[in-house]
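K.L.:
Pasting run37.pdb here (PDB, C-alpha atoms):
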ATOM      1  CA  MET X   1     133.565  49.475 125.022
ATOM      2  CA  GLU X   2     134.906  51.984 127.522
ATOM      3  CA  GLU X   3     137.275  54.608 126.166
ATOM      4  CA  ARG X   4     138.898  57.731 127.564
ATOM      5  CA  LEU X   5     136.672  60.773 127.294
ATOM      6  CA  GLN X   6     139.348  62.682 125.383
ATOM      7  CA  LYS X   7     139.254  60.051 122.658
ATOM      8  CA  ILE X   8     135.449  59.936 122.601
ATOM      9  CA  LEU X   9     135.186  63.701 122.121
ATOM     10  CA  ALA X  10     137.886  63.701 119.457
ATOM     11  CA  GLN X  11     136.318  60.826 117.547
ATOM     12  CA  ALA X  12     133.002  62.700 117.614
ATOM     13  CA  GLY X  13     134.743  65.491 115.715
ATOM     14  CA  LEU X  14     134.262  68.049 118.480
ATOM     15  CA  CYS X  15     137.882  68.921 119.207
ATOM     16  CA  SER X  16     141.390  67.552 119.552
ATOM     17  CA  ARG X  17     142.269  65.358 122.536
ATOM     18  CA  ARG X  18     144.312  68.168 124.054
ATOM     19  CA  GLU X  19     141.408  70.585 123.740
ATOM     20  CA  ALA X  20     139.074  67.941 125.213
ATOM     21  CA  GLU X  21     141.259  67.855 128.321
ATOM     22  CA  LYS X  22     140.880  71.617 128.675
ATOM     23  CA  TRP X  23     137.107  71.338 128.290
ATOM     24  CA  MET X  24     137.054  68.750 131.068
ATOM     25  CA  LEU X  25     139.145  70.932 133.367
ATOM     26  CA  ASP X  26     136.796  73.844 132.614
ATOM     27  CA  GLY X  27     133.800  71.743 133.699
ATOM     28  CA  ARG X  28     132.184  71.673 130.259
ATOM     29  CA  VAL X  29     131.926  67.859 130.092
ATOM     30  CA  THR X  30     129.659  65.639 132.205
ATOM     31  CA  VAL X  31     129.136  61.888 132.351
ATOM     32  CA  ASN X  32     125.791  60.701 133.680
ATOM     33  CA  GLY X  33     125.251  64.078 135.314
ATOM     34  CA  ARG X  34     128.650  64.235 137.026
ATOM     35  CA  ALA X  35     131.434  66.642 136.042
ATOM     36  CA  ALA X  36     134.120  64.727 134.183
ATOM     37  CA  SER X  37     137.714  64.465 135.413
ATOM     38  CA  LEU X  38     140.918  63.727 133.539
ATOM     39  CA  GLY X  39     141.322  59.982 133.231
ATOM     40  CA  ASP X  40     137.579  59.275 133.183
ATOM     41  CA  ARG X  41     136.292  56.672 130.749
ATOM     42  CA  ALA X  42     132.857  56.092 129.271
ATOM     43  CA  ASP X  43     130.883  53.809 126.986
ATOM     44  CA  LEU X  44     128.438  55.704 124.769
ATOM     45  CA  ARG X  45     126.198  52.638 124.623
ATOM     46  CA  ARG X  46     125.328  53.066 128.308
ATOM     47  CA  ASP X  47     126.709  56.419 129.478
ATOM     48  CA  LYS X  48     125.277  59.864 128.803
ATOM     49  CA  VAL X  49     128.089  62.227 127.850
ATOM     50  CA  LEU X  50     127.270  65.934 127.527
ATOM     51  CA  VAL X  51     129.344  68.893 126.370
ATOM     52  CA  ASP X  52     127.960  72.256 127.452
ATOM     53  CA  GLY X  53     124.739  70.444 128.347
ATOM     54  CA  LYS X  54     124.326  68.914 124.888
ATOM     55  CA  PRO X  55     124.680  65.172 124.201
ATOM     56  CA  ILE X  56     127.444  63.961 121.923
ATOM     57  CA  GLY X  57     126.034  63.019 118.565
ATOM     58  CA  ILE X  58     127.014  60.199 116.263
ATOM     59  CA  ALA X  59     130.508  60.630 114.880
ATOM     60  CA  GLU X  60     130.580  62.455 111.552
ATOM     61  CA  GLU X  61     132.067  61.060 108.395
ATOM     62  CA  LYS X  62     135.788  61.755 108.500
ATOM     63  CA  ARG X  63     136.938  64.786 106.516
ATOM     64  CA  TYR X  64     140.485  65.903 105.752
ATOM     65  CA  LEU X  65     141.059  69.400 104.421
ATOM     66  CA  MET X  66     143.965  71.475 103.142
ATOM     67  CA  LEU X  67     143.481  75.202 103.746
ATOM     68  CA  TYR X  68     145.557  78.127 102.554
ATOM     69  CA  LYS X  69     145.282  80.115 105.780
ATOM     70  CA  PRO X  70     145.461  83.870 105.240
ATOM     71  CA  ARG X  71     147.025  86.351 107.620
ATOM     72  CA  GLY X  72     144.538  87.884 110.048
ATOM     73  CA  TYR X  73     142.875  84.617 111.142
ATOM     74  CA  VAL X  74     143.411  82.586 114.309
ATOM     75  CA  SER X  75     143.818  78.811 114.100
ATOM     76  CA  THR X  76     140.960  77.883 116.429
ATOM     77  CA  ARG X  77     137.245  77.211 116.109
ATOM     78  CA  LYS X  78     136.338  80.149 118.393
ATOM     79  CA  ASP X  79     138.207  83.205 119.624
ATOM     80  CA  GLU X  80     137.401  84.914 122.912
ATOM     81  CA  ARG X  81     138.536  88.235 121.433
ATOM     82  CA  GLY X  82     136.124  88.032 118.515
ATOM     83  CA  ARG X  83     138.778  87.713 115.825
ATOM     84  CA  LYS X  84     138.170  85.835 112.577
ATOM     85  CA  THR X  85     138.952  82.123 112.800
ATOM     86  CA  VAL X  86     139.843  79.423 110.302
ATOM     87  CA  ALA X  87     136.493  77.807 111.151
ATOM     88  CA  ASP X  88     134.856  80.720 109.327
ATOM     89  CA  LEU X  89     136.735  79.768 106.159
ATOM     90  CA  VAL X  90     135.654  76.094 106.155
ATOM     91  CA  ARG X  91     132.153  76.579 107.537
ATOM     92  CA  ASN X  92     130.586  75.059 104.413
ATOM     93  CA  CYS X  93     132.659  71.855 104.437
ATOM     94  CA  GLY X  94     129.850  69.863 106.064
ATOM     95  CA  ALA X  95     131.783  68.698 109.134
ATOM     96  CA  ARG X  96     133.073  70.084 112.431
ATOM     97  CA  VAL X  97     136.795  70.056 111.696
ATOM     98  CA  VAL X  98     139.658  71.287 113.892
ATOM     99  CA  PRO X  99     143.145  72.484 112.933
ATOM    100  CA  VAL X 100     146.064  70.066 112.974
ATOM    101  CA  GLY X 101     148.477  72.294 114.855
ATOM    102  CA  ARG X 102     148.436  76.059 114.455
ATOM    103  CA  LEU X 103     149.664  79.008 112.465
ATOM    104  CA  ASP X 104     149.773  82.277 114.359
ATOM    105  CA  TYR X 105     147.534  85.238 113.547
ATOM    106  CA  ASN X 106     150.034  86.999 111.267
ATOM    107  CA  SER X 107     151.259  83.862 109.480
ATOM    108  CA  GLU X 108     149.829  82.236 106.380
ATOM    109  CA  GLY X 109     150.042  79.053 104.362
ATOM    110  CA  LEU X 110     149.317  75.361 104.721
ATOM    111  CA  LEU X 111     146.961  74.364 107.527
ATOM    112  CA  LEU X 112     145.398  70.918 107.727
ATOM    113  CA  LEU X 113     141.969  70.458 109.329
ATOM    114  CA  THR X 114     140.077  67.285 110.146
ATOM    115  CA  ASN X 115     137.501  65.713 112.432
ATOM    116  CA  ASP X 116     139.716  62.631 112.818
ATOM    117  CA  GLY X 117     140.812  63.070 116.417
ATOM    118  CA  ASP X 118     143.271  60.182 116.311
ATOM    119  CA  LEU X 119     145.152  61.747 113.389
ATOM    120  CA  VAL X 120     145.216  65.160 115.089
ATOM    121  CA  HIS X 121     146.601  63.557 118.247
ATOM    122  CA  ALA X 122     149.289  61.618 116.383
ATOM    123  CA  LEU X 123     150.520  64.595 114.364
ATOM    124  CA  THR X 124     150.469  67.210 117.151
ATOM    125  CA  HIS X 125     151.528  65.355 120.295
ATOM    126  CA  PRO X 126     154.595  67.065 121.822
ATOM    127  CA  ARG X 127     156.749  63.933 121.592
ATOM    128  CA  HIS X 128     156.112  63.711 117.841
ATOM    129  CA  GLU X 129     158.199  65.989 115.680
ATOM    130  CA  VAL X 130     156.836  66.249 112.127
ATOM    131  CA  GLU X 131     159.102  68.535 110.114
ATOM    132  CA  LYS X 132     157.431  71.713 108.859
ATOM    133  CA  HIS X 133     158.760  73.984 106.117
ATOM    134  CA  TYR X 134     158.339  77.743 105.799
ATOM    135  CA  GLU X 135     159.254  80.587 103.489
ATOM    136  CA  VAL X 136     160.275  83.558 105.613
ATOM    137  CA  ARG X 137     161.027  87.110 104.482
ATOM    138  CA  VAL X 138     163.318  88.861 106.981
ATOM    139  CA  ARG X 139     165.228  92.083 107.320
ATOM    140  CA  GLY X 140     167.681  93.395 109.892
ATOM    141  CA  ARG X 141     170.968  91.696 110.845
ATOM    142  CA  LEU X 142     171.251  89.587 107.701
ATOM    143  CA  ASP X 143     174.777  88.537 108.672
ATOM    144  CA  ASN X 144     173.154  86.601 111.553
ATOM    145  CA  ILE X 145     171.143  84.329 109.258
ATOM    146  CA  PRO X 146     173.604  81.403 109.738
ATOM    147  CA  HIS X 147     172.875  81.501 113.490
ATOM    148  CA  LEU X 148     169.302  80.360 112.796
ATOM    149  CA  SER X 149     170.641  76.868 112.087
ATOM    150  CA  GLU X 150     172.482  76.638 115.406
ATOM    151  CA  PRO X 151     171.104  75.142 118.665
ATOM    152  CA  MET X 152     168.904  77.702 120.386
ATOM    153  CA  GLU X 153     166.778  78.068 123.507
ATOM    154  CA  ILE X 154     163.182  79.328 123.152
ATOM    155  CA  ASP X 155     161.083  79.987 126.271
ATOM    156  CA  GLY X 156     163.403  77.810 128.331
ATOM    157  CA  TYR X 157     163.208  74.919 125.862
ATOM    158  CA  ARG X 158     166.218  73.741 123.856
ATOM    159  CA  ILE X 159     165.045  73.397 120.262
ATOM    160  CA  ARG X 160     166.662  71.235 117.630
ATOM    161  CA  PRO X 161     168.707  73.098 115.003
ATOM    162  CA  ALA X 162     166.688  74.336 112.045
ATOM    163  CA  THR X 163     167.613  73.844 108.406
ATOM    164  CA  VAL X 164     168.027  77.207 106.657
ATOM    165  CA  VAL X 165     168.405  77.877 102.923
ATOM    166  CA  VAL X 166     168.752  81.416 101.544
ATOM    167  CA  LEU X 167     166.459  81.676  98.516
ATOM    168  CA  GLU X 168     166.966  85.396  97.801
ATOM    169  CA  GLN X 169     168.974  88.177  99.387
ATOM    170  CA  ASP X 170     169.739  91.833  98.750
ATOM    171  CA  ALA X 171     171.128  94.603 100.933
ATOM    172  CA  GLN X 172     167.874  95.135 102.854
ATOM    173  CA  SER X 173     166.157  91.742 103.157
ATOM    174  CA  ALA X 174     166.336  88.018 102.522
ATOM    175  CA  LYS X 175     163.900  85.250 101.691
ATOM    176  CA  LEU X 176     164.628  81.990 103.536
ATOM    177  CA  ARG X 177     163.330  78.433 103.456
ATOM    178  CA  LEU X 178     163.356  77.395 107.072
ATOM    179  CA  SER X 179     162.544  73.886 108.294
ATOM    180  CA  ILE X 180     161.818  73.118 111.956
ATOM    181  CA  HIS X 181     160.750  70.084 113.949
ATOM    182  CA  GLU X 182     159.010  71.183 117.138
ATOM    183  CA  GLY X 183     156.676  73.946 115.935
ATOM    184  CA  ARG X 184     156.446  75.638 119.336
ATOM    185  CA  ASN X 185     154.369  78.798 119.806
ATOM    186  CA  ARG X 186     155.711  81.545 117.476
ATOM    187  CA  GLN X 187     158.950  79.592 117.280
ATOM    188  CA  ILE X 188     160.292  81.041 114.024
ATOM    189  CA  ARG X 189     159.503  84.613 115.012
ATOM    190  CA  LYS X 190     161.276  84.128 118.347
ATOM    191  CA  MET X 191     164.267  82.496 116.644
ATOM    192  CA  CYS X 192     164.574  85.428 114.270
ATOM    193  CA  GLU X 193     164.193  87.936 117.091
ATOM    194  CA  GLN X 194     167.086  86.330 118.947
ATOM    195  CA  CYS X 195     169.220  86.773 115.820
ATOM    196  CA  GLY X 196     168.295  90.423 115.295
ATOM    197  CA  LEU X 197     166.006  89.664 112.357
ATOM    198  CA  GLU X 198     162.508  91.038 111.811
ATOM    199  CA  VAL X 199     159.993  88.721 110.142
ATOM    200  CA  ARG X 200     158.151  90.548 107.391
ATOM    201  CA  ARG X 201     156.255  87.552 106.019
ATOM    202  CA  LEU X 202     155.940  83.960 107.200
ATOM    203  CA  LYS X 203     154.314  81.278 105.073
ATOM    204  CA  ARG X 204     154.129  77.542 105.781
ATOM    205  CA  VAL X 205     154.702  75.765 102.489
ATOM    206  CA  ALA X 206     154.787  72.090 103.532
ATOM    207  CA  VAL X 207     154.237  69.608 106.357
ATOM    208  CA  GLY X 208     156.716  66.786 105.922
ATOM    209  CA  ASP X 209     156.600  65.977 102.204
ATOM    210  CA  LEU X 210     153.059  67.306 101.814
ATOM    211  CA  PRO X 211     153.233  70.709 100.058
ATOM    212  CA  LEU X 212     150.680  73.496  99.946
ATOM    213  CA  ASP X 213     148.731  73.138  96.695
ATOM    214  CA  PRO X 214     149.928  76.048  94.501
ATOM    215  CA  ARG X 215     146.463  76.221  92.923
ATOM    216  CA  LEU X 216     144.859  77.186  96.221
ATOM    217  CA  LYS X 217     144.279  80.891  96.696
ATOM    218  CA  SER X 218     144.553  82.492 100.120
ATOM    219  CA  GLY X 219     141.442  81.684 102.163
ATOM    220  CA  THR X 220     140.382  78.673 100.065
ATOM    221  CA  TRP X 221     140.491  74.949 100.792
ATOM    222  CA  ARG X 222     140.084  71.522  99.251
ATOM    223  CA  ASP X 223     139.812  67.932 100.431
ATOM    224  CA  LEU X 224     143.017  65.941 100.643
ATOM    225  CA  THR X 225     143.575  63.404  97.896
ATOM    226  CA  ALA X 226     143.695  59.711  98.744
ATOM    227  CA  GLU X 227     147.477  59.756  98.254
ATOM    228  CA  GLU X 228     147.947  62.757 100.564
ATOM    229  CA  LEU X 229     145.790  61.182 103.269
ATOM    230  CA  ALA X 230     147.646  57.880 102.986
ATOM    231  CA  TYR X 231     150.932  59.756 103.443
ATOM    232  CA  LEU X 232     149.714  61.463 106.662
ATOM    233  CA  GLN X 233     148.293  58.216 108.014
ATOM    234  CA  GLU X 234     151.629  56.505 107.364
ATOM    235  CA  ILE X 235     153.421  59.261 109.289
ATOM    236  CA  ALA X 236     150.949  58.932 112.157
ATOM    237  CA  ALA X 237     151.341  55.142 112.257
ATOM    238  CA  ASN X 238     155.141  55.425 112.328
ATOM    239  CA  LEU X 239     154.995  58.011 115.130
ATOM    240  CA  GLN X 240     152.834  55.747 117.263
ATOM    241  CA  ASP X 241     155.119  52.734 116.897
TER     242      ASP X 241
END
Step by step, read the file and then write its structure as structure tokens.
P.N.:
Amino acid sequence: MEERLQKILAQAGLCSRREAEKWMLDGRVTVNGRAASLGDRADLRRDKVLVDGKPIGIAEEKRYLMLYKPRGYVSTRKDERGRKTVADLVRNCGARVVPVGRLDYNSEGLLLLTNDGDLVHALTHPRHEVEKHYEVRVRGRLDNIPHLSEPMEIDGYRIRPATVVVLEQDAQSAKLRLSIHEGRNRQIRKMCEQCGLEVRRLKRVAVGDLPLDPRLKSGTWRDLTAEELAYLQEIAANLQD
């Protein structure tokens, strides 16, 4: 059966659908010897699909991981600047998994990884807004903390108001639980900057109702439980309705 190349590459566990589109635009994907274009379809039973000159293999068994991402790692499989990546931390998992969304280089906490391209697509597509929860240590204009929960514009995009709870506060700093919907690039840091607040530590503690396992140490991972996976698949199914 013919399917879009983005889906074929994602189902093979090579990348997310969005990353597959970039690979196609970069000329890394060919179908029957011809450079692939966005919108192309293929049937692996008759078509020869190559990535970087190598044929797509049989899809791996699906894996779903929870990683406690440390600071100082980028949330990609490879980094053109030679920085450490989350792929280094899960290299021994036995599958080619990709991150579900991203945490920036200086942030830490819950990061999901999988080779299930359909789940990655459902949970990260721009029109889908899965709430994400963070613990954020800030200092600076602490009297501006209430402004974080007001409508705000980031990089020309009007974001939905965040939910902000003050967990701790003294004269110099505060620890906040901050929940956002969009998860745009460095969104929380940019929100805080607009309010005169400096982020000292940023940790993702949950995606929806799925919390970071408190038993995980920074840099370690485990497979999702059946209940956790069922929860994510239910979210994905509801988003696609």
K.L.:
Under the rule that only C-alpha atoms are counted, which of X:Glu80, X:Glu228, X:Glu153, X:Asp104 is the nearest residue to X:Ala206?
P.N.:
X:Glu228
K.L.:
By how many Å are atom CA of X:Leu224 and atom CA of X:Arg201 apart?
P.N.:
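Atom-to-atom, atom CA of X:Leu224 and atom CA of X:Arg201 are spaced 25.9 Å apart.
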K.L.:
For each of X:Met1, X:Glu21, X:Glu234, X:Leu210, take the minimum atom-to-atom distance to X:Asp47, counting all atoms listed in the file, then give the residue where this is smallest.
P.N.:
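The closest residue to X:Asp47 is X:Met1.
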K.L.:
Can you pull out every residue within 12 Å of X:Val136, counting all atoms listed in the file, but drop anything in the same chain fewer than 4 positions away, and send it as a VMD selection string?
P.N.:
chain X and resid 107 to 109 145 148 164 to 169 173 to 179 188 to 189 191 to 192 197 to 205
K.L.:
Atom CA of X:Ile180 to atom CA of X:Asp88: how many Å, to one decimal?
P.N.:
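Separation between atom CA of X:Ile180 and atom CA of X:Asp88: 28.1 Å.
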